[in-house]
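Enquirer: Please find work28.txt (compact mmCIF, C-alpha atoms and all ligand atoms) on the next line:
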```txt
# COMPACT_ATOMS: atom_id res chain seq x y z
CA GLY A 1 67.73 145.58 117.29
CA GLY A 2 64.49 144.22 118.72
CA THR A 3 62.07 141.43 117.92
CA ILE A 4 59.70 141.48 114.96
CA GLY A 5 56.73 139.13 115.00
CA ILE A 6 55.47 137.87 111.66
CA LEU A 7 51.98 136.40 111.30
CA GLY A 8 51.99 133.79 108.55
CA GLY A 9 54.66 131.31 107.53
CA GLY A 10 54.90 131.48 103.73
CA GLN A 11 57.54 132.76 101.35
CA LEU A 12 56.59 136.39 101.90
CA GLY A 13 57.34 135.96 105.61
CA ARG A 14 60.56 134.19 104.76
CA MET A 15 61.75 137.07 102.57
CA LEU A 16 60.59 139.67 105.13
CA ALA A 17 62.55 137.84 107.82
CA MET A 18 65.65 137.67 105.61
CA ALA A 19 65.52 141.46 105.16
CA ALA A 20 64.87 142.02 108.88
CA VAL A 21 67.74 139.78 109.94
CA GLN A 22 70.07 141.72 107.66
CA LEU A 23 69.07 144.89 109.51
CA GLY A 24 69.91 143.25 112.83
CA TYR A 25 66.43 142.32 114.01
CA ARG A 26 65.35 139.01 115.46
CA CYS A 27 62.19 137.53 113.90
CA ILE A 28 59.68 135.16 115.40
CA GLY A 29 56.77 133.68 113.49
CA TYR A 30 53.22 132.53 114.11
CA ALA A 31 51.01 130.41 111.85
CA PRO A 32 48.88 127.30 111.99
CA GLN A 33 50.49 123.92 111.35
CA GLY A 34 51.71 123.62 107.77
CA ASP A 35 54.75 123.99 105.55
CA ASN A 36 55.90 127.19 107.27
CA VAL A 37 58.97 128.04 105.22
CA ALA A 38 59.42 131.34 107.09
CA ALA A 39 60.41 129.27 110.13
CA ASP A 40 63.82 128.58 108.52
CA VAL A 41 64.71 132.25 108.96
CA CYS A 42 62.96 132.90 112.29
CA ALA A 43 64.64 132.51 115.68
CA ASP A 44 61.45 130.90 116.96
CA PHE A 45 58.20 129.81 115.35
CA PHE A 46 54.87 129.18 117.04
CA THR A 47 52.26 126.94 115.43
CA ASN A 48 48.80 127.70 116.73
CA ARG A 49 45.37 128.35 115.33
CA TRP A 50 44.49 131.79 113.95
CA ASP A 51 41.46 132.03 116.24
CA ASP A 52 43.47 131.35 119.42
CA ALA A 53 43.38 134.90 120.83
CA GLN A 54 45.36 133.88 123.93
CA ALA A 55 48.19 132.37 121.92
CA ILE A 56 48.31 135.46 119.71
CA ALA A 57 48.39 137.73 122.78
CA ALA A 58 51.24 135.67 124.26
CA PHE A 59 53.11 135.89 120.93
CA ALA A 60 52.62 139.65 120.86
CA GLN A 61 54.13 139.92 124.36
CA GLN A 62 57.43 138.72 122.91
CA CYS A 63 57.50 141.25 120.05
CA ASP A 64 58.41 144.91 119.76
CA VAL A 65 56.36 145.14 116.57
CA ILE A 66 54.13 142.64 114.77
CA THR A 67 53.28 142.47 111.10
CA TRP A 68 51.68 139.94 108.76
CA GLU A 69 52.57 138.32 105.46
CA PHE A 70 49.20 136.59 105.04
CA GLU A 71 46.15 138.72 104.34
CA ASN A 72 43.51 136.29 105.60
CA VAL A 73 44.54 136.35 109.27
CA PRO A 74 41.27 136.69 111.25
CA VAL A 75 41.02 140.23 112.55
CA ALA A 76 39.21 139.74 115.91
CA PRO A 77 42.19 138.30 117.85
CA LEU A 78 44.38 141.10 116.44
CA LEU A 79 42.29 143.97 117.78
CA PRO A 80 43.57 143.64 121.38
CA ILE A 81 47.17 143.84 120.08
CA ALA A 82 46.47 146.51 117.43
CA GLU A 83 48.80 148.99 119.13
CA ARG A 84 51.80 146.82 118.43
CA LEU A 85 50.71 145.87 114.91
CA ALA A 86 51.87 147.57 111.72
CA PRO A 87 50.04 148.10 109.48
CA HIS A 88 46.89 148.65 111.56
CA PRO A 89 44.45 145.70 111.27
CA ARG A 90 41.83 147.99 109.73
CA ALA A 91 43.70 147.41 106.46
CA LEU A 92 42.98 143.69 106.80
CA GLU A 93 39.34 144.36 107.61
CA THR A 94 38.98 146.34 104.39
CA ALA A 95 40.93 144.04 102.11
CA GLN A 96 39.65 140.66 103.33
CA ASP A 97 36.22 141.13 101.83
CA ARG A 98 36.05 141.87 98.10
CA LEU A 99 32.78 143.77 98.55
CA ASN A 100 34.17 146.05 101.31
CA GLU A 101 37.36 146.50 99.36
CA LYS A 102 35.61 147.63 96.19
CA ARG A 103 33.29 150.00 98.06
CA PHE A 104 36.20 151.47 99.97
CA VAL A 105 38.17 152.06 96.80
CA GLU A 106 35.13 153.56 95.04
CA ASP A 107 34.71 155.95 97.99
CA HIS A 108 38.24 157.17 97.26
CA GLY A 109 37.62 157.73 93.57
CA GLY A 110 38.67 154.33 92.19
CA GLN A 111 36.88 152.41 89.47
CA PRO A 112 36.46 148.63 89.88
CA ALA A 113 34.86 146.32 87.30
CA ALA A 114 31.05 146.38 87.41
CA TYR A 115 30.07 144.08 90.29
CA ALA A 116 27.17 142.81 92.36
CA ALA A 117 27.08 141.03 95.73
CA ILE A 118 25.50 137.59 95.29
CA ASP A 119 23.70 135.63 98.00
CA THR A 120 21.18 133.57 96.02
CA MET A 121 20.81 131.88 92.64
CA SER A 122 18.18 134.40 91.55
CA GLY A 123 20.59 137.16 92.56
CA LEU A 124 23.26 135.62 90.37
CA LEU A 125 20.96 135.26 87.35
CA ASP A 126 19.83 138.84 87.81
CA ALA A 127 23.46 140.06 88.03
CA VAL A 128 24.51 138.17 84.89
CA ASP A 129 21.52 139.63 83.13
CA ARG A 130 22.28 143.18 84.30
CA LEU A 131 26.11 143.22 84.12
CA GLY A 132 26.43 140.86 81.20
CA ALA A 133 28.70 137.89 80.51
CA PRO A 134 31.46 136.86 80.52
CA GLY A 135 32.07 137.53 84.18
CA ILE A 136 33.68 135.94 87.19
CA LEU A 137 31.98 134.73 90.34
CA LYS A 138 34.37 135.12 93.28
CA THR A 139 34.07 134.23 96.94
CA ARG A 140 34.08 137.47 98.91
CA ARG A 141 36.64 136.09 101.36
CA ASP A 142 39.65 133.77 101.49
CA GLY A 143 40.54 133.57 97.79
CA TYR A 144 44.10 133.76 96.47
CA ASP A 145 45.94 132.59 93.35
CA GLY A 146 42.59 132.45 91.54
CA LYS A 147 41.08 129.98 94.03
CA GLY A 148 37.38 130.44 94.78
CA GLN A 149 36.68 131.89 91.31
CA TRP A 150 34.45 130.62 88.52
CA ARG A 151 34.19 132.08 85.07
CA ILE A 152 30.66 132.47 83.75
CA ASP A 153 30.27 132.84 79.98
CA SER A 154 26.50 132.98 79.68
CA VAL A 155 23.21 132.99 81.59
CA ARG A 156 23.07 129.30 80.81
CA ASP A 157 26.43 128.80 82.58
CA ALA A 158 25.04 130.65 85.57
CA GLU A 159 21.92 128.46 85.62
CA GLY A 160 24.12 125.37 85.83
CA MET A 161 26.20 126.75 88.74
CA ARG A 162 26.00 125.63 92.34
CA LEU A 163 26.70 128.58 94.58
CA PRO A 164 29.38 127.94 97.21
CA ASP A 165 28.32 128.00 100.88
CA MET A 166 29.64 131.51 101.38
CA PRO A 167 28.91 135.00 100.14
CA THR A 168 30.17 135.72 96.64
CA ILE A 169 30.48 138.61 94.25
CA TYR A 170 29.91 138.65 90.50
CA GLU A 171 32.27 140.81 88.46
CA ALA A 172 32.00 141.67 84.81
CA PHE A 173 35.02 140.41 82.87
CA VAL A 174 37.40 143.28 82.07
CA GLU A 175 38.82 143.19 78.54
CA PHE A 176 42.13 144.60 79.68
CA GLU A 177 45.14 145.52 77.59
CA ALA A 178 47.53 144.66 80.39
CA GLU A 179 47.68 144.10 84.13
CA PHE A 180 49.93 146.03 86.47
CA SER A 181 50.38 146.71 90.14
CA VAL A 182 51.24 149.74 92.23
CA ILE A 183 53.47 148.84 95.16
CA LEU A 184 54.10 151.61 97.65
CA VAL A 185 55.61 151.97 101.08
CA ARG A 186 54.23 154.45 103.60
CA GLY A 187 56.16 155.48 106.69
CA HIS A 188 54.90 156.44 110.17
CA ASP A 189 55.20 160.09 109.17
CA GLY A 190 52.98 159.59 106.10
CA GLU A 191 55.76 159.72 103.53
CA ILE A 192 54.97 157.53 100.50
CA ARG A 193 57.40 156.04 98.00
CA TYR A 194 56.56 153.92 94.97
CA TRP A 195 58.43 151.26 93.10
CA ASP A 196 58.15 151.19 89.34
CA SER A 197 55.05 149.32 88.24
CA THR A 198 55.59 146.04 86.43
CA ARG A 199 53.41 144.48 83.80
CA ASN A 200 51.98 141.30 85.33
CA LEU A 201 51.11 138.17 83.36
CA HIS A 202 48.86 135.55 84.93
CA VAL A 203 48.39 131.95 83.92
CA GLY A 204 45.35 130.15 85.34
CA GLY A 205 44.75 132.94 87.88
CA ILE A 206 48.31 132.70 89.23
CA LEU A 207 50.97 135.35 88.65
CA SER A 208 53.46 133.97 86.16
CA GLN A 209 55.70 136.93 85.28
CA SER A 210 56.34 140.55 86.21
CA ILE A 211 58.13 142.60 83.60
CA TRP A 212 59.69 146.08 83.49
CA PRO A 213 59.74 148.30 81.53
CA THR A 214 56.04 147.79 80.92
CA GLY A 215 55.55 149.55 77.62
CA PRO A 216 53.48 152.66 76.91
CA VAL A 217 49.99 151.28 77.66
CA VAL A 218 50.76 150.70 81.33
CA GLU A 219 53.15 153.64 81.66
CA ALA A 220 50.35 156.02 80.68
CA GLN A 221 48.12 154.78 83.52
CA VAL A 222 50.55 154.52 86.42
CA ALA A 223 50.18 158.12 87.63
CA LYS A 224 46.41 157.85 88.04
CA ALA A 225 46.72 154.44 89.72
CA ARG A 226 49.32 155.83 92.14
CA GLU A 227 47.09 158.74 93.03
CA LEU A 228 44.31 156.33 94.01
CA SER A 229 46.73 154.05 95.86
CA ALA A 230 48.06 156.96 97.90
CA LYS A 231 44.52 158.01 98.88
CA VAL A 232 43.78 154.45 99.98
CA ALA A 233 47.01 154.23 101.99
CA GLN A 234 46.31 157.58 103.68
CA ALA A 235 42.71 156.70 104.47
CA LEU A 236 43.86 153.48 106.12
CA GLY A 237 46.60 155.27 108.08
CA TYR A 238 48.75 152.60 106.49
CA VAL A 239 52.31 151.85 107.60
CA GLY A 240 54.37 149.44 105.49
CA VAL A 241 54.11 148.06 101.97
CA LEU A 242 50.70 148.16 100.26
CA THR A 243 49.83 146.80 96.82
CA LEU A 244 46.96 147.61 94.49
CA GLU A 245 46.38 145.51 91.36
CA PHE A 246 44.98 147.16 88.23
CA PHE A 247 43.76 146.35 84.75
CA ALA A 248 44.97 148.81 82.12
CA THR A 249 41.98 149.45 79.85
CA ARG A 250 41.06 151.92 77.14
CA GLU A 251 39.08 153.79 79.79
CA GLY A 252 42.06 154.00 82.14
CA PRO A 253 43.08 151.97 85.17
CA VAL A 254 40.41 149.63 86.56
CA PHE A 255 41.02 148.55 90.16
CA ASN A 256 41.15 144.77 90.66
CA GLU A 257 42.08 144.19 94.29
CA MET A 258 44.46 145.25 96.99
CA ALA A 259 46.93 143.29 99.06
CA PRO A 260 47.82 144.91 102.40
CA ARG A 261 51.31 143.43 102.31
CA VAL A 262 54.39 142.82 100.23
CA HIS A 263 53.44 141.33 96.88
CA ASN A 264 54.63 138.67 94.45
CA SER A 265 54.86 141.28 91.68
CA GLY A 266 57.45 143.11 93.82
CA HIS A 267 59.92 140.25 94.21
CA TRP A 268 62.09 141.79 91.49
CA THR A 269 62.90 144.68 93.85
CA ILE A 270 65.37 142.44 95.73
CA GLU A 271 67.86 142.70 92.85
CA GLY A 272 66.30 145.39 90.66
CA ALA A 273 65.66 148.27 93.08
CA ALA A 274 67.87 150.27 95.42
CA THR A 275 65.79 149.03 98.36
CA SER A 276 63.55 145.95 98.16
CA GLN A 277 59.89 145.88 99.15
CA PHE A 278 60.84 143.53 102.01
CA GLU A 279 63.48 145.84 103.46
CA ASN A 280 61.27 148.90 103.14
CA HIS A 281 58.38 147.13 104.85
CA ILE A 282 60.69 146.36 107.77
CA ARG A 283 62.06 149.91 107.77
CA ALA A 284 58.55 151.37 107.78
CA ILE A 285 57.14 149.21 110.59
CA CYS A 286 60.28 149.78 112.69
CA GLY A 287 60.17 153.55 112.23
CA LEU A 288 63.46 153.70 110.30
CA PRO A 289 63.98 156.08 107.37
CA LEU A 290 62.57 154.63 104.13
CA GLY A 291 65.02 153.43 101.51
CA ASP A 292 65.27 154.58 97.90
CA THR A 293 62.76 152.71 95.72
CA ALA A 294 64.44 153.59 92.41
CA THR A 295 64.96 150.85 89.84
CA ILE A 296 68.68 150.26 89.42
CA ALA A 297 68.48 147.88 86.44
CA THR A 298 67.66 148.71 82.83
CA SER A 299 65.25 145.80 82.54
CA VAL A 300 63.73 143.29 84.93
CA GLU A 301 61.85 140.03 84.46
CA MET A 302 60.57 137.97 87.40
CA THR A 303 59.28 134.48 86.66
CA ASN A 304 57.48 132.36 89.23
CA LEU A 305 58.38 128.71 89.61
CA VAL A 306 55.00 127.11 90.10
CA GLY A 307 54.52 123.41 90.94
CA LYS A 308 56.80 121.23 88.82
CA ASP A 309 58.50 124.29 87.24
CA ALA A 310 60.82 124.23 90.22
CA GLY A 311 62.37 120.92 89.11
CA GLY A 312 65.65 121.69 87.35
CA ALA A 313 65.46 125.32 88.44
CA GLN A 314 69.20 125.35 89.05
CA GLN A 315 69.70 125.34 85.27
CA CYS A 316 69.12 129.08 85.26
CA LEU A 317 72.28 129.56 87.34
CA GLY A 318 74.32 129.33 84.13
CA ASP A 319 72.74 132.64 83.11
CA PRO A 320 74.71 135.49 84.70
CA THR A 321 71.63 137.74 84.79
CA ALA A 322 69.51 135.20 86.69
CA HIS A 323 68.91 135.21 90.44
CA LEU A 324 67.29 132.07 91.79
CA HIS A 325 65.08 132.06 94.86
CA LEU A 326 63.76 128.75 96.20
CA TYR A 327 61.38 128.83 99.13
CA GLY A 328 62.28 125.46 100.64
CA LYS A 329 58.79 124.02 100.35
CA ALA A 330 58.58 120.28 100.89
CA LYS A 331 56.08 119.32 98.17
CA ALA A 332 55.66 120.76 94.67
CA ARG A 333 51.85 120.55 94.57
CA GLU A 334 50.22 121.78 91.38
CA GLY A 335 49.69 125.53 91.43
CA ARG A 336 52.00 126.00 94.41
CA LYS A 337 54.58 128.82 94.32
CA MET A 338 57.91 127.06 94.91
CA GLY A 339 60.32 129.85 94.03
CA HIS A 340 61.08 132.52 91.46
CA VAL A 341 63.84 133.65 89.15
CA THR A 342 64.64 137.32 88.62
CA ARG A 343 66.59 138.33 85.55
CA VAL A 344 68.05 141.82 85.69
CA ALA A 345 70.02 143.63 83.02
CA PHE A 346 72.27 146.58 83.76
CA GLY A 347 73.08 148.85 80.83
P1 LIG A 401 45.93 136.97 94.15
O1 LIG A 401 46.80 135.76 94.25
O2 LIG A 401 46.48 138.06 93.25
O3 LIG A 401 45.44 137.48 95.47
P2 LIG A 401 43.13 136.32 93.68
O4 LIG A 401 42.80 134.89 93.87
O5 LIG A 401 42.72 137.29 94.72
O6 LIG A 401 44.67 136.45 93.33
P3 LIG A 401 42.23 138.03 91.48
O7 LIG A 401 43.35 138.97 91.56
O8 LIG A 401 40.86 138.49 91.83
O9 LIG A 401 42.50 136.67 92.29
O10 LIG A 401 42.16 137.37 90.03
C1 LIG A 401 43.26 136.64 89.52
C2 LIG A 401 43.47 136.98 88.06
O11 LIG A 401 42.29 136.61 87.32
C3 LIG A 401 43.64 138.47 87.81
O12 LIG A 401 44.96 138.90 88.02
C4 LIG A 401 43.19 138.53 86.34
O13 LIG A 401 44.20 138.04 85.48
C5 LIG A 401 42.02 137.58 86.32
N1 LIG A 401 40.79 138.32 86.66
C6 LIG A 401 40.21 138.44 87.88
N2 LIG A 401 39.11 139.19 87.84
C7 LIG A 401 38.97 139.60 86.56
C8 LIG A 401 38.01 140.40 85.86
N3 LIG A 401 36.96 140.95 86.47
N4 LIG A 401 38.20 140.59 84.53
C9 LIG A 401 39.25 140.03 83.89
N5 LIG A 401 40.16 139.26 84.49
C10 LIG A 401 40.04 139.03 85.80
MG MG A 402 43.83 138.45 95.98
MG MG A 403 45.07 139.30 92.47
```
Any chance you could give the structure as structure tokens?
Expert:
Amino acid sequence: GGTIGILGGGQLGRMLAMAAVQLGYRCIGYAPQGDNVAADVCADFFTNRWDDAQAIAAFAQQCDVITWEFENVPVAPLLPIAERLAPHPRALETAQDRLNEKRFVEDHGGQPAAYAAIDTMSGLLDAVDRLGAPGILKTRRDGYDGKGQWRIDSVRDAEGMRLPDMPTIYEAFVEFEAEFSVILVRGHDGEIRYWDSTRNLHVGGILSQSIWPTGPVVEAQVAKARELSAKVAQALGYVGVLTLEFFATREGPVFNEMAPRVHNSGHWTIEGAATSQFENHIRAICGLPLGDTATIATSVEMTNLVGKDAGGAQQCLGDPTAHLHLYGKAKAREGRKMGHVTRVAFG
């Protein structure tokens, strides 16, 4: 038993709390005002600002261990409670800034797309000239689901841009053959286990499907991607579930970004693996033995229900292989992840 504090109120927190409750823990949540669907599964939920260090300290007082489901939690108010946090907030510090993240991964032998930090228009024009087009201009911080990204197809495109009021990064467009992710769990003792990598399909910058088996192109690159992911996890002294996203290219795996948390491309593990990413994250942060990450199905397909897709979702219940997850969100705004369906085949 004991109390687990979860920072963030979205579906990842909801599914973490469901796994924690099954293991006999009590969960409490903390997030700013909003549609905090994790609150449905938490014994108590506190709505306060992220920068309210006092409120976060008071929340921490009530928890045996604290984790997060949202990677953009400001780090400063977490430093005083770092001892009770898992993973350590240094993982957030690294992953919250695309420039830091890429440099960190390069330092550990990873290869990101060619990139340049952009602060001015002349810097952007210079970068497009040097790195070529097409490319993508991304805000260094706060982006998710493809938000804060602009595709640039030519120098002329760049000339017509208005830079956002925050630091950005320009990345050369990677002509990938496929996208995949490495999801691992690392325990307090440093043991690492991996789930099978899925092939991830995005539509409009948002994950649409994760599929396994992936086919030979991805399969051939998973070992190298895992090796890098393990180095990153070790260097961060990471405890819990960590995700690295990759592009499979002719030149091998190209690092896209990391998520220091459970990941949408791992939702299939609830039905398709011996132990889900959510349960293993809870096990890791609570110091329990890690569960088996083996895939127990012969094929897996996870499909996100985004925006209006969620209407009529119950139709899939006629399919005996389908498992429906709805997050209980009030409004189906465009581009909003409302739920997912996992189809698993056995034999
Ligand atoms: P997430 O919700 O995964 O955190 P995000 O907003 O951080 O998303 P990215 O992962 O950077 O966004 O990009 C979203 C998607 O856009 C990628 O999965 C990929 O399909 C495409 N993309 C991003 N950068 C590149 C690139 N340099 N070359 C080719 N495609 C890219
Ligand atoms: Mg991201
Ligand atoms: Mg991404």
Enquirer: Using only C-alpha atoms and all ligand atoms, which residues have at least one atom no more than 9 Å from ligand MG 403 (chain A)? Output them as a PyMOL selection string.
Expert: chain A and resi 144-146+205-207+244-246+256-259
Enquirer: Counting only C-alpha atoms and all ligand atoms, figure out which residue out of A:Glu301, A:Glu227, A:Asp44, A:Asp97 gets nearest to ligand LIG 401 (chain A).
Expert: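 The shortest atom-to-atom distance to ligand LIG 401 (chain A) comes from A:Asp97.
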Enquirer: For ligand LIG 401 (chain A), which of A:Lys224, A:His263, A:Arg193, A:Lys231 is the closest residue, counting all atoms listed in the file?
Expert: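 The closest residue to ligand LIG 401 (chain A) is A:His263.
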Enquirer: Considering only C-alpha atoms and all ligand atoms, can you say which of A:Thr321, A:Thr3, A:Thr295, A:Gln111 comes closest to ligand LIG 401 (chain A)?
Expert: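 Of A:Thr321, A:Thr3, A:Thr295, A:Gln111, the one nearest ligand LIG 401 (chain A) is A:Gln111, counting only C-alpha atoms and all ligand atoms.
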Enquirer: Of the residues A:Lys329, A:Arg151, A:His281, A:Arg141, which is the one nearest to ligand MG 402 (chain A), using all atoms listed in the file?
Expert: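 Among the listed residues, the smallest separation from ligand MG 402 (chain A) belongs to A:Arg141.
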Enquirer: Pick the closest to ligand MG 402 (chain A) from A:Ala95, A:Val241, A:Ala284, A:Ile152: which is it, counting only C-alpha atoms and all ligand atoms?
Expert: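 Once distances to ligand MG 402 (chain A) are computed over only C-alpha atoms and all ligand atoms, the minimum belongs to A:Ala95.
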Enquirer: For Ala230 (chain A), which residue out of A:Phe180, A:Phe255, A:Tyr194, A:Phe278 is the nearest one, using all atoms listed in the file?
Expert: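 Selected residue with least distance to Ala230 (chain A): A:Tyr194.
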Enquirer: Using all atoms listed in the file and a cutoff of 12 Å, can you tell me which residues are near (35.5, 143.9, 99.7) in the file's coordinates, and write them out as a compact mmCIF listing (two decimals) with C-alpha atoms, in the frame of the given file?
Expert:
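Result file is selection10.txt:
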```
# COMPACT_ATOMS: atom_id res chain seq x y z
CA ALA A 91 43.70 147.41 106.46
CA LEU A 92 42.98 143.69 106.80
CA GLU A 93 39.34 144.36 107.61
CA THR A 94 38.98 146.34 104.39
CA ALA A 95 40.93 144.04 102.11
CA GLN A 96 39.65 140.66 103.33
CA ASP A 97 36.22 141.13 101.83
CA ARG A 98 36.05 141.87 98.10
CA LEU A 99 32.78 143.77 98.55
CA ASN A 100 34.17 146.05 101.31
CA GLU A 101 37.36 146.50 99.36
CA LYS A 102 35.61 147.63 96.19
CA ARG A 103 33.29 150.00 98.06
CA PHE A 104 36.20 151.47 99.97
CA VAL A 105 38.17 152.06 96.80
CA GLU A 106 35.13 153.56 95.04
CA PRO A 112 36.46 148.63 89.88
CA TYR A 115 30.07 144.08 90.29
CA ALA A 116 27.17 142.81 92.36
CA ALA A 117 27.08 141.03 95.73
CA LYS A 138 34.37 135.12 93.28
CA THR A 139 34.07 134.23 96.94
CA ARG A 140 34.08 137.47 98.91
CA ARG A 141 36.64 136.09 101.36
CA ASP A 142 39.65 133.77 101.49
CA GLY A 143 40.54 133.57 97.79
CA PRO A 167 28.91 135.00 100.14
CA THR A 168 30.17 135.72 96.64
CA ILE A 169 30.48 138.61 94.25
CA TYR A 170 29.91 138.65 90.50
CA PHE A 255 41.02 148.55 90.16
CA ASN A 256 41.15 144.77 90.66
CA GLU A 257 42.08 144.19 94.29
CA MET A 258 44.46 145.25 96.99
CA ALA A 259 46.93 143.29 99.06
```
Enquirer: So that I can see what lies close to Pro87 (chain A), please list as a list in words the residues with an atom at most 9 Å from it, counting only C-alpha atoms and leaving out residues fewer than 6 positions away in the same chain.
Expert: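 Non-adjacent residues within range: Ile66, Thr67, Trp68, Leu236, Gly237, Tyr238, Val239, Gly240, Val241, Pro260, Arg261 and Ile285 of chain A.
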Enquirer: How many Å separate CA of Tyr327 (chain A) from CA of Gly287 (chain A)?
Expert: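 Atom-to-atom, CA of Tyr327 (chain A) to CA of Gly287 (chain A), that is 28.0 Å.
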Enquirer: So the first atom is CA of Glu69 (chain A) and the second is CA of Ile118 (chain A); what is the distance between them in Å, to one decimal place?
Expert: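 Computing it gives 28.9 Å between the two atoms.
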Enquirer: What separation in Å, quoted to one decimal, exists between CA of Thr214 (chain A) and CA of Thr298 (chain A)?
Expert: 11.8 Å
Enquirer: Considering all atoms listed in the file, return as a ChimeraX atom specification whatever protein or nucleic-acid residues lie within 12 Å of Ser276 (chain A), sequence-local ones (same chain, fewer than 6 positions apart) excluded.
Expert: /A:15-16,18-20,183-185,193-196,241,262-263,265-270,282-283,290-296
Enquirer: I need every residue sitting at most 12 Å from the point (55.0, 139.3, 82.2) (coordinates as in the file, all atoms listed in the file considered), written as an MDAnalysis selection string.
Expert: chainID A and resid 178:181 197:203 206:215 265 268 300:304 342
Enquirer: Find the smallest box with edges along x, y and z containing every listed atom of ligand LIG 401 (chain A), then add 3 Å on each side and report centre and edge lengths in Å to one decimal, as JSON.
Expert:
```
{"center_x": 41.9, "center_y": 137.9, "center_z": 89.7, "size_x": 15.8, "size_y": 12.1, "size_z": 17.6}
```
Enquirer: Which residues come within 6 Å of Gly29 (chain A), counting all atoms listed in the file, excluding same-chain residues fewer than 6 positions away, as a PyMOL selection string?
Expert: chain A and resi 5-7+45
Enquirer: Set the distance at 10 Å and use all atoms listed in the file: which residues neighbour Leu163 (chain A) once local chain neighbours fewer than 6 positions away are removed? I'd like the list as a list in words.
Expert: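 So, after excluding close chain neighbours, the residues are Ile118, Asp119, Thr120, Met121, Leu124, Leu137 and Thr139 of chain A.
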Enquirer: Tell me which protein, DNA and RNA residues are within 12 Å of Asp319 (chain A), counting all atoms listed in the file, leaving out same-chain ones fewer than 3 positions away, and put them as a list in words.
Expert: Ala313, Gln314, Gln315, Cys316, Ala322, His323, Leu324, Val341, Thr342, Arg343, Val344 and Ala345 of chain A
